[in-house]
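Here's my_file.txt, which has compact mmCIF, C-alpha atoms:
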```txt
# COMPACT_ATOMS: atom_id res chain seq x y z
CA MET A 1 -15.02 0.15 -12.96
CA ASN A 2 -18.13 2.12 -13.90
CA VAL A 3 -20.91 -0.44 -13.54
CA LEU A 4 -22.55 -0.81 -10.16
CA PRO A 5 -22.25 -4.53 -9.30
CA VAL A 6 -24.56 -4.54 -6.26
CA GLY A 7 -28.24 -3.67 -6.51
CA SER A 8 -29.70 -1.80 -3.52
CA GLU A 9 -32.63 -4.23 -3.31
CA HIS A 10 -30.26 -7.19 -2.88
CA LEU A 11 -28.07 -5.28 -0.46
CA ALA A 12 -31.05 -4.39 1.71
CA ARG A 13 -31.84 -8.06 2.41
CA ALA A 14 -28.29 -9.40 2.47
CA ARG A 15 -26.94 -11.04 5.59
CA LEU A 16 -23.83 -9.48 7.10
CA LEU A 17 -20.95 -11.81 7.92
CA ALA A 18 -17.64 -10.97 9.55
CA ALA A 19 -14.39 -12.87 9.96
CA PRO A 20 -13.92 -14.49 13.40
CA GLY A 21 -10.81 -12.39 14.09
CA LEU A 22 -12.54 -9.04 13.68
CA ALA A 23 -12.43 -7.05 16.93
CA ALA A 24 -15.66 -6.84 18.91
CA PRO A 25 -15.85 -3.00 18.80
CA VAL A 26 -15.57 -3.15 15.01
CA VAL A 27 -18.37 -5.72 14.83
CA ARG A 28 -20.63 -3.56 16.99
CA SER A 29 -19.92 -0.56 14.76
CA LEU A 30 -20.69 -2.57 11.62
CA GLU A 31 -24.02 -3.64 13.12
CA ARG A 32 -24.89 -0.04 13.94
CA ILE A 33 -23.95 1.19 10.45
CA ALA A 34 -25.68 -1.60 8.55
CA GLY A 35 -28.71 -1.80 10.84
CA ARG A 36 -28.55 -5.57 11.10
CA PRO A 37 -26.74 -8.20 13.18
CA VAL A 38 -23.32 -9.50 12.23
CA GLU A 39 -23.00 -13.27 11.94
CA ARG A 40 -19.71 -14.90 12.89
CA ASP A 41 -20.54 -18.60 13.07
CA GLY A 42 -18.67 -19.47 9.85
CA GLY A 43 -21.65 -21.08 8.14
CA VAL A 44 -22.46 -20.57 4.47
CA PRO A 45 -25.78 -18.74 4.07
CA GLN A 46 -28.15 -19.56 1.25
CA GLU A 47 -29.28 -15.94 0.89
CA PRO A 48 -27.15 -13.13 -0.55
CA TYR A 49 -24.47 -12.02 1.90
CA VAL A 50 -21.85 -9.38 2.59
CA TYR A 51 -18.56 -10.41 4.17
CA VAL A 52 -15.99 -8.28 6.03
CA GLY A 53 -12.54 -9.65 6.77
CA ALA A 54 -8.90 -9.98 5.79
CA THR A 55 -9.35 -13.15 3.72
CA LEU A 56 -12.31 -14.69 1.95
CA PRO A 57 -12.84 -18.35 2.88
CA GLU A 58 -13.14 -20.66 -0.11
CA ALA A 59 -16.60 -21.76 1.04
CA LEU A 60 -17.81 -18.16 0.73
CA ARG A 61 -16.58 -17.63 -2.84
CA GLY A 62 -19.97 -18.58 -4.16
CA ASP A 63 -22.86 -17.03 -6.06
CA GLY A 64 -24.38 -15.63 -2.87
CA LEU A 65 -21.51 -13.22 -2.26
CA LEU A 66 -22.65 -9.69 -3.11
CA TRP A 67 -19.82 -7.70 -1.58
CA PHE A 68 -16.55 -8.40 0.20
CA HIS A 69 -15.01 -5.54 2.15
CA SER A 70 -11.33 -6.16 2.85
CA VAL A 71 -9.93 -4.80 6.10
CA ASN A 72 -6.61 -4.33 4.27
CA ALA A 73 -5.55 -1.92 1.55
CA GLY A 74 -3.78 -4.54 -0.55
CA THR A 75 -6.00 -7.11 -2.26
CA ASP A 76 -3.44 -9.05 -4.33
CA ALA A 77 -3.47 -12.04 -1.94
CA LEU A 78 -7.26 -12.21 -2.18
CA LEU A 79 -7.19 -12.22 -5.96
CA ASP A 80 -4.29 -14.66 -6.14
CA ALA A 81 -6.22 -17.18 -4.02
CA GLY A 82 -8.51 -18.03 -6.93
CA PRO A 83 -10.95 -16.62 -9.48
CA TRP A 84 -12.99 -13.78 -8.05
CA PRO A 85 -16.72 -14.64 -7.86
CA PRO A 86 -18.42 -13.13 -10.93
CA GLY A 87 -20.47 -10.06 -10.11
CA ALA A 88 -19.22 -9.74 -6.52
CA LEU A 89 -18.03 -6.30 -5.43
CA LEU A 90 -14.61 -6.00 -3.83
CA THR A 91 -13.75 -2.95 -1.74
CA ARG A 92 -10.75 -2.22 0.45
CA THR A 93 -9.79 -0.28 3.56
CA VAL A 94 -7.49 2.68 3.13
CA GLY A 95 -8.53 4.97 5.97
CA ARG A 96 -5.68 7.26 7.03
CA MET A 97 -3.06 4.90 5.65
CA GLY A 98 -1.88 7.53 3.19
CA GLU A 99 -1.06 9.90 6.04
CA ARG A 100 0.73 7.21 8.02
CA ILE A 101 2.80 6.05 5.07
CA ALA A 102 3.60 9.63 4.08
CA GLN A 103 4.94 10.30 7.59
CA TYR A 104 6.98 7.10 7.40
CA VAL A 105 8.55 8.17 4.10
CA LEU A 106 9.24 11.70 5.35
CA ALA A 107 10.86 10.31 8.51
CA TRP A 108 13.32 8.25 6.46
CA VAL A 109 13.95 11.10 4.03
CA LEU A 110 14.90 13.39 6.92
CA ALA A 111 16.89 10.62 8.59
CA ASP A 112 18.80 10.31 5.32
CA CYS A 113 19.52 14.04 5.27
CA GLN A 114 20.62 14.06 8.91
CA SER A 115 22.72 10.86 8.66
CA VAL A 116 20.68 9.23 11.43
CA PRO A 117 21.75 5.65 10.58
CA GLU A 118 25.42 6.67 10.61
CA PHE A 119 25.10 8.52 13.93
CA ALA A 120 23.25 5.53 15.44
CA ALA A 121 26.11 3.26 14.33
CA GLN A 122 28.66 5.68 15.81
CA HIS A 123 26.78 5.69 19.09
CA THR A 124 27.06 1.90 19.41
CA ARG A 125 30.84 2.28 18.94
CA ALA A 126 31.08 5.23 21.39
CA GLU A 127 32.60 7.20 18.52
CA TRP A 128 32.54 11.03 18.28
CA ARG A 129 32.79 12.19 14.69
CA ARG A 130 30.96 14.93 12.86
CA ILE A 131 29.01 13.92 9.77
CA PRO A 132 27.78 16.63 7.40
CA SER A 133 24.02 16.98 6.95
CA GLU A 134 22.13 18.08 3.86
CA LEU A 135 18.97 20.03 3.20
CA ALA A 136 15.87 18.33 1.81
CA TYR A 137 14.87 21.68 0.30
CA GLY A 138 14.89 21.70 -3.49
CA GLN A 139 15.77 18.03 -3.92
CA THR A 140 13.67 15.63 -5.96
CA ALA A 141 11.65 12.58 -4.99
CA LEU A 142 10.53 10.24 -7.77
CA ILE A 143 7.38 8.38 -6.72
CA HIS A 144 6.25 5.24 -8.53
CA GLY A 145 2.52 5.03 -7.83
CA THR A 146 0.26 8.07 -8.07
CA GLY A 147 -2.86 6.78 -6.36
CA ARG A 148 -4.10 7.65 -2.88
CA ILE A 149 -0.92 6.60 -1.09
CA GLY A 150 1.51 8.00 -3.65
CA SER A 151 -0.36 11.32 -3.69
CA ALA A 152 -0.33 11.53 0.12
CA VAL A 153 3.43 10.88 0.15
CA ALA A 154 3.96 13.50 -2.55
CA ALA A 155 1.86 16.12 -0.73
CA LEU A 156 3.82 15.78 2.52
CA LEU A 157 7.22 15.80 0.81
CA ARG A 158 6.15 18.78 -1.29
CA ALA A 159 5.19 20.64 1.91
CA CYS A 160 8.85 20.27 2.90
CA SER A 161 9.94 21.94 -0.36
CA ILE A 162 10.92 18.66 -2.01
CA ARG A 163 10.12 18.49 -5.73
CA THR A 164 7.81 15.56 -6.39
CA VAL A 165 7.71 13.70 -9.70
CA GLY A 166 5.20 10.92 -10.20
CA VAL A 167 5.65 8.02 -12.57
CA ALA A 168 2.73 7.29 -14.91
CA ARG A 169 2.56 4.74 -17.72
CA THR A 170 0.32 6.94 -19.86
CA PRO A 171 -0.11 10.74 -20.07
CA ARG A 172 -2.73 11.95 -17.62
CA GLU A 173 -3.83 14.91 -15.55
CA LEU A 174 -1.38 15.84 -12.81
CA PRO A 175 -2.46 14.04 -9.60
CA PRO A 176 -2.68 15.93 -6.30
CA GLY A 177 0.65 16.52 -4.56
CA PHE A 178 2.86 16.21 -7.62
CA ASP A 179 4.91 18.87 -9.38
CA ALA A 180 5.39 16.82 -12.55
CA LEU A 181 4.88 13.42 -14.16
CA ALA A 182 7.39 11.21 -15.96
CA GLY A 183 7.20 7.98 -17.92
CA PRO A 184 8.32 4.70 -16.29
CA ASP A 185 11.70 4.75 -18.05
CA GLU A 186 12.15 8.50 -18.41
CA PRO A 187 15.42 9.67 -16.81
CA VAL A 188 14.84 11.72 -13.65
CA ASP A 189 17.66 12.94 -11.43
CA ALA A 190 16.17 12.09 -8.03
CA ARG A 191 17.59 12.01 -4.52
CA TRP A 192 14.91 9.57 -3.38
CA VAL A 193 12.93 6.94 -5.28
CA VAL A 194 9.73 5.89 -3.51
CA ALA A 195 7.88 2.73 -4.49
CA ALA A 196 4.14 2.91 -3.76
CA LEU A 197 2.89 0.42 -6.35
CA PRO A 198 0.21 -2.26 -5.97
CA LEU A 199 1.14 -5.79 -6.95
CA THR A 200 -0.29 -6.74 -10.35
CA GLY A 201 0.83 -8.78 -13.31
CA THR A 202 2.63 -5.74 -14.70
CA THR A 203 4.32 -4.60 -11.48
CA ALA A 204 5.76 -7.94 -10.28
CA GLY A 205 9.55 -7.53 -10.44
CA TYR A 206 9.08 -3.96 -11.67
CA PHE A 207 12.18 -2.77 -9.84
CA GLY A 208 14.90 -4.84 -11.47
CA ALA A 209 18.48 -4.44 -12.58
CA GLU A 210 17.84 -1.75 -15.21
CA ARG A 211 15.76 0.50 -12.98
CA PHE A 212 18.18 0.19 -10.08
CA ALA A 213 21.14 0.89 -12.36
CA ALA A 214 19.44 4.10 -13.50
CA MET A 215 18.93 5.48 -9.97
CA GLY A 216 22.34 7.12 -9.85
CA GLY A 217 22.91 6.59 -6.13
CA ALA A 218 19.42 7.63 -4.99
CA SER A 219 17.94 6.21 -1.80
CA PHE A 220 15.18 3.67 -2.43
CA ILE A 221 12.12 3.44 -0.14
CA ASN A 222 9.53 0.71 -0.71
CA VAL A 223 6.12 1.18 0.91
CA GLY A 224 4.16 -0.61 -1.83
CA ARG A 225 4.48 -4.36 -2.31
CA GLY A 226 7.55 -6.49 -1.71
CA ALA A 227 7.17 -8.57 -4.87
CA THR A 228 7.54 -5.46 -7.03
CA VAL A 229 11.26 -5.60 -6.14
CA ASP A 230 13.88 -8.04 -7.44
CA LEU A 231 15.81 -8.37 -4.18
CA ALA A 232 18.88 -9.87 -5.83
CA ALA A 233 19.02 -6.94 -8.26
CA LEU A 234 18.69 -4.49 -5.36
CA GLU A 235 21.54 -6.22 -3.54
CA ARG A 236 23.79 -5.88 -6.58
CA ALA A 237 22.83 -2.22 -6.98
CA LEU A 238 23.61 -1.48 -3.33
CA HIS A 239 27.05 -3.08 -3.69
CA ALA A 240 27.63 -1.16 -6.94
CA GLY A 241 26.48 2.13 -5.40
CA THR A 242 23.75 2.83 -7.97
CA VAL A 243 21.37 2.66 -5.01
CA GLY A 244 22.75 4.64 -2.10
CA ARG A 245 20.51 3.34 0.65
CA ALA A 246 17.36 1.25 0.92
CA VAL A 247 14.43 1.26 3.33
CA LEU A 248 12.15 -1.73 2.87
CA ASP A 249 8.85 -1.84 4.73
CA VAL A 250 7.59 -4.73 2.60
CA LEU A 251 9.11 -7.95 1.33
CA ALA A 252 7.95 -10.61 -1.10
CA ASP A 253 8.06 -13.23 1.66
CA GLU A 254 6.94 -12.09 5.11
CA PRO A 255 7.80 -12.33 7.89
CA ALA A 256 11.53 -12.45 7.21
CA GLY A 257 13.33 -15.07 9.28
CA PRO A 258 16.69 -14.49 10.99
CA GLY A 259 18.55 -16.08 8.06
CA ASP A 260 16.83 -14.05 5.34
CA ARG A 261 19.18 -12.26 2.96
CA CYS A 262 17.34 -8.96 3.50
CA TRP A 263 19.09 -8.54 6.87
CA ARG A 264 22.47 -8.67 5.18
CA LEU A 265 21.87 -5.99 2.54
CA PRO A 266 24.34 -3.12 2.92
CA ARG A 267 23.03 0.33 3.95
CA THR A 268 19.51 -1.07 4.31
CA VAL A 269 16.86 -0.90 6.99
CA VAL A 270 13.98 -3.39 6.98
CA THR A 271 10.83 -2.54 8.93
CA SER A 272 8.08 -5.04 9.66
CA HIS A 273 5.34 -3.96 7.22
CA SER A 274 4.44 -1.25 9.69
CA ALA A 275 4.39 1.97 7.66
CA GLY A 276 0.61 2.02 7.29
CA ILE A 277 -0.95 -0.35 9.81
CA THR A 278 -4.74 -0.36 9.49
CA ALA A 279 -6.61 0.91 12.55
CA ASP A 280 -10.02 -0.39 13.60
CA GLU A 281 -11.50 3.06 13.00
CA ASP A 282 -10.27 2.89 9.39
CA ILE A 283 -12.24 -0.32 8.78
CA VAL A 284 -15.43 1.17 10.19
CA THR A 285 -15.07 4.51 8.39
CA ASP A 286 -14.36 2.97 4.99
CA PHE A 287 -17.09 0.31 5.27
CA ALA A 288 -19.57 3.08 6.09
CA ALA A 289 -18.40 5.16 3.12
CA CYS A 290 -18.78 2.21 0.74
CA LEU A 291 -22.24 1.42 2.10
CA ARG A 292 -23.34 5.04 1.62
CA ASP A 293 -22.14 4.96 -1.98
CA LEU A 294 -23.91 1.70 -2.71
CA THR A 295 -27.14 2.85 -1.10
CA ALA A 296 -27.01 5.99 -3.25
CA GLY A 297 -26.43 3.93 -6.38
CA ARG A 298 -22.76 4.90 -6.78
CA VAL A 299 -19.71 2.75 -7.33
CA PRO A 300 -17.64 3.12 -4.13
CA ALA A 301 -14.43 5.10 -4.45
CA LEU A 302 -12.69 2.21 -2.68
CA ALA A 303 -13.88 -0.42 -5.18
CA VAL A 304 -11.23 -2.71 -6.67
CA ASP A 305 -11.37 -3.94 -10.25
CA PRO A 306 -10.49 -7.65 -9.95
CA ALA A 307 -9.30 -7.73 -13.55
CA ARG A 308 -6.75 -4.97 -12.94
CA GLY A 309 -5.89 -5.92 -9.38
CA TYR A 310 -6.43 -2.44 -7.90
```
For the structure just supplied, provide its representation as structure tokens.
Amino acid sequence: MNVLPVGSEHLARARLLAAPGLAAPVVRSLERIAGRPVERDGGVPQEPYVYVGATLPEALRGDGLLWFHSVNAGTDALLDAGPWPPGALLTRTVGRMGERIAQYVLAWVLADCQSVPEFAAQHTRAEWRRIPSELAYGQTALIHGTGRIGSAVAALLRACSIRTVGVARTPRELPPGFDALAGPDEPVDARWVVAALPLTGTTAGYFGAERFAAMGGASFINVGRGATVDLAALERALHAGTVGRAVLDVLADEPAGPGDRCWRLPRTVVTSHSAGITADEDIVTDFAACLRDLTAGRVPALAVDPARGY
């Protein structure tokens, strides 16, 4: 996206609307940053408007929408809800999510090396048995997704002397945090495979039978989007041993009920979409950054291309 969709003259007179569920401290901060009151009555203004929230009400998907700032990092649900209003800017909140998700991935990588799940299971059985550990040093993590989150994950793993290989569909400059790049189907002998992909038309079901079969017993950690994974294919791979262990922070259908098959996957831990929870300060910081860019006539770094989905 290289065309600025919001003119500063329109932005200067736009009304500022916020979703009813937005926390009061966030609303006060938005008012201070924008220099105008935030409206939360749910009405549809006739003048141009800016909206901040998690979802965009259908009534507000009209010509008056100049800019929607999502309080979430993922925007696939917004775009799946219907055609995006022509000419409206879409930005997202990332904040310190990369750091949080990177720490989450590192925690499970180290837990893998130290056999934490096995020791926890032994504890419940009051069983004393030594289990060998392994060093993370010198091992390889293959990371699908080389954007902000993937780069943050790579940088933290690399700081622990883990070799980081990013997956890119086309040749490109080496992103921050990575030691090397590989093609989507290029063989890489990895100890961990990390999924940090957005959900788009090309990534839905991306991790299927063939990719799982090629993992060679690696542990699989998904911090991207649940629908990028064929859960049935993952289950078969876990039973076959081509995937050694799985950590799933995201699922295609959330929340998972007690009878969901995800709870019965062998050697798998499911966490409740909690690896990178957005903080209120993230919303405020990223909205302010986008507003500064727009005021200066720049396309915000956090802008989403609706046609691409990220």
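In this model, the gap between atom CA of A:Gly64 and atom CA of A:Leu30 comes to 19.9 Å.
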Close residues, A:Pro175 itself excluded, 10 Å, only C-alpha atoms, min 5 positions apart in chain, as a PyMOL selection string | chain A and resi 146-148+150-151+154+166+180-181
How would the residues just chosen look if you wrote them out with C-alpha atoms as a compact mmCIF listing (two decimals), keeping the file's coordinate frame?
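Writing done, so here's again09.txt:
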```
# COMPACT_ATOMS: atom_id res chain seq x y z
CA THR A 146 0.26 8.07 -8.07
CA GLY A 147 -2.86 6.78 -6.36
CA ARG A 148 -4.10 7.65 -2.88
CA GLY A 150 1.51 8.00 -3.65
CA SER A 151 -0.36 11.32 -3.69
CA ALA A 154 3.96 13.50 -2.55
CA GLY A 166 5.20 10.92 -10.20
CA ALA A 180 5.39 16.82 -12.55
CA LEU A 181 4.88 13.42 -14.16
```
Pick from A:Asp179, A:Glu31, A:Glu47, A:Glu127, whichever lies nearest to A:Thr140 using all atoms listed in the file |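 For A:Thr140, the nearest of the given residues is A:Asp179.
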From A:Thr242, A:Gln46, A:Ser272, A:Thr91, residue lying nearest A:Ala213 [all atoms listed in the file] =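 Residue with the minimum atom-to-atom distance to A:Ala213: A:Thr242.
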From A:Asp305, A:Val153, A:Val50, A:Ser115, residue lying nearest A:Arg96 [all atoms listed in the file] =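 Residue with the minimum atom-to-atom distance to A:Arg96: A:Val153.
Comparing A:Gly224, A:Gly257, A:Asp189, A:Phe212 by their smallest distance to A:Gly241, the closest is A:Phe212 (using all atoms listed in the file).
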